[in-house]
Amino acid sequence: MKAFYLKNGLVYQEGRWTPLSVTVDQGIIQALGQANEMGLDEVDAGGGFILPGFIDPHCHGGQGIDCNRAFSQDFLDLSLQLAKKGVTAWLASLAPVSREGTLRALEQAAQAVESKGPGAQLLGIHLEGPFLSPHYRASLDASFIKPVDLDLLDLYMKASRGHIRSMTLALLVILGGVGFPVYRDLKDKRRWRDLRLHSKIVLSLTALLLVLGTLGFQV
């Protein structure tokens with residue numbers, strides 16, 4: 001990436017937007033507010049805001065493209081459209097659908113990731129479910145919500161060729177459906193080191209309910 005000089009833009013600095021030039025070289029900001037002494041190619045920001053590229057970790061599609069139904073070229077086309085909105089990297093989010101539909105979408109998304117086309121970089125896949133609580137699923141189709149199934153997860157991982165970078169899991173499904181070994185299995189055997197569980201109910205409340213259950217209380 002060659003060096004260039006951004007002028008006539010606004011940079012957020014010390015709590016306010018300030019008119020500043022920005023010198024960029026090899027994708028790294030080298031200077032703020034300096035004159036273009038090196039004679040670099042100039043880009044006129046036209047009074048707009050100069051910001052780092054946005055990263056979208058949860059994108060189900062856009063511009064008429066649905067990630068669950070997209071083909072590999074659709075993902076590449078969406079990358080171009082996202083770049084026009086200031087997004088420089090993103091994850092393709094897949095909502096719970098049938099096993100066959102999910103496998104197809106994973107395969108197509110994986111092809112797009114490996115194609116490394118122009119526009120916003122498709123970093124990988126965000127799998128939203130299907131191991132979610134049916135009571136906390138927002139607009140997701142309840143018929144595709146499932147208890148934790150590690151064999152199915154392995155099948156999805158294989159179809160994605162290792163490009164699943166993020167997965168939404170419900171805390172209650174893990175604790176109530178299969179138990180703590182599932183959590184350990186995902187972290188150790190599947191080598192998922194950074195699990196973030198998706199639920200409005202905190203672990204302490206879940207533990208309290210489990211204790212009450214052992215004491216004979218019914219909730």
# chains A, B, ... in the order shown; residues from 1 in each chain; ligands from 1
>>> select_by_dssp(residues="range 15-101 of chain A", states="strand (DSSP E or B)", output="short mmCIF file (atom, residue, chain, number, x, y, z; two decimals) with C-alpha atoms, in the first residue's frame")
data_model
loop_
_atom_site.label_atom_id
_atom_site.label_comp_id
_atom_site.auth_asym_id
_atom_site.auth_seq_id
_atom_site.Cartn_x
_atom_site.Cartn_y
_atom_site.Cartn_z
CA ARG A 16 -13.63 17.13 19.71
CA TRP A 17 -13.48 17.03 15.92
CA THR A 18 -10.47 18.97 14.66
CA PRO A 19 -9.47 19.87 11.09
CA LEU A 20 -6.24 17.93 10.57
CA SER A 21 -4.27 16.39 7.76
CA VAL A 22 -3.25 12.72 8.05
CA THR A 23 -0.13 11.16 6.56
CA VAL A 24 -0.45 7.41 5.91
CA ASP A 25 2.30 5.01 4.84
CA ILE A 28 -0.10 3.08 9.20
CA ILE A 29 -0.79 6.65 10.32
CA GLN A 30 2.59 8.37 10.37
CA ALA A 31 1.66 11.95 11.23
CA LEU A 32 -1.21 14.30 12.07
CA ASP A 41 -0.43 11.76 -3.47
CA GLU A 42 -3.18 13.84 -1.87
CA VAL A 43 -6.72 12.74 -1.09
CA ASP A 44 -9.22 15.50 -0.35
CA PHE A 49 -14.75 12.65 9.10
CA PHE A 54 -15.10 -0.27 10.85
CA ILE A 55 -15.14 -4.00 11.69
CA ASP A 56 -18.57 -5.66 11.59
CA PRO A 57 -18.55 -8.94 13.57
CA HIS A 58 -22.27 -9.64 13.06
CA CYS A 59 -23.53 -9.09 9.52
CA GLY A 61 -26.20 -9.47 4.72
CA GLY A 62 -27.24 -6.33 2.91
CA ILE A 65 -27.95 -10.37 -0.16
CA ASP A 66 -28.86 -12.82 2.62
CA VAL A 87 -16.38 -1.27 6.73
CA THR A 88 -12.92 -2.76 6.19
CA ALA A 89 -13.48 -6.24 7.68
CA TRP A 90 -16.48 -8.36 8.62
CA LEU A 91 -17.87 -11.74 9.65
CA ALA A 92 -20.69 -13.36 7.70
CA SER A 93 -23.43 -14.24 10.21
CA LEU A 94 -25.58 -17.31 9.61
#
>>> residues_around(residues="Gly117 in chain A", least_positions_apart="3", cutoff="10 Å", atoms="only C-alpha atoms", output="list in words")
Gln73, Phe75, Leu76, Asp77, Ser79, Leu80, Ala112, Val113, Glu114, Ala120, Gln121 and Leu122 of chain A
>>> closest_residue(among="A:Gly33, A:Gly124, A:Pro130, A:Gly53", to="Ser143 in chain A", atoms="only C-alpha atoms")
A:Pro130
>>> closest_residue(among="A:Gly27, A:Pro147, A:Pro52, A:Gly46", to="Gly86 in chain A", atoms="only C-alpha atoms")
A:Pro52
>>> residues_around(residues="Glu128 in chain A", least_positions_apart="4", cutoff="9 Å", atoms="only C-alpha atoms", output="VMD selection string")
chain A and resid 58 93 to 96 132 166 to 169
>>> atom_distance(atom1="CA of Lys84 in chain A", atom2="CA of Asn36 in chain A")
26.4 Å
>>> atom_distance(atom1="CA of Leu51 in chain A", atom2="CA of Gly119 in chain A")
16.8 Å
>>> atom_distance(atom1="CA of Pro134 in chain A", atom2="CA of Ala170 in chain A")
9.4 Å
>>> closest_residue(among="A:Met38, A:Ala109, A:Leu103, A:Leu140", to="Ala70 in chain A", atoms="only C-alpha atoms")
A:Ala109
>>> select_by_dssp(residues="range 6-108 of chain A", states="helix (DSSP H, G or I)", output="compact mmCIF listing (two decimals) with C-alpha atoms, in the first residue's frame")
# COMPACT_ATOMS: atom_id res chain seq x y z
CA SER A 72 -19.54 -17.34 -2.81
CA GLN A 73 -19.73 -14.51 -5.36
CA ASP A 74 -22.53 -12.88 -3.36
CA PHE A 75 -20.23 -12.65 -0.33
CA LEU A 76 -17.56 -11.01 -2.49
CA ASP A 77 -20.11 -8.56 -3.91
CA LEU A 78 -21.24 -7.71 -0.39
CA SER A 79 -17.62 -7.06 0.61
CA LEU A 80 -17.43 -4.39 -2.08
CA GLN A 81 -20.66 -2.77 -0.89
CA LEU A 82 -19.58 -2.79 2.76
CA ALA A 83 -16.30 -1.09 1.87
CA LYS A 84 -18.28 1.83 0.45
CA ARG A 99 -28.73 -28.68 8.59
CA GLU A 100 -28.53 -28.88 4.79
CA GLY A 101 -29.05 -25.15 4.42
CA THR A 102 -26.39 -24.38 7.00
CA LEU A 103 -23.87 -26.73 5.40
CA ARG A 104 -24.42 -25.13 2.00
CA ALA A 105 -24.03 -21.61 3.41
CA LEU A 106 -20.88 -22.59 5.30
CA GLU A 107 -19.30 -24.06 2.18
CA GLN A 108 -20.09 -20.99 0.08
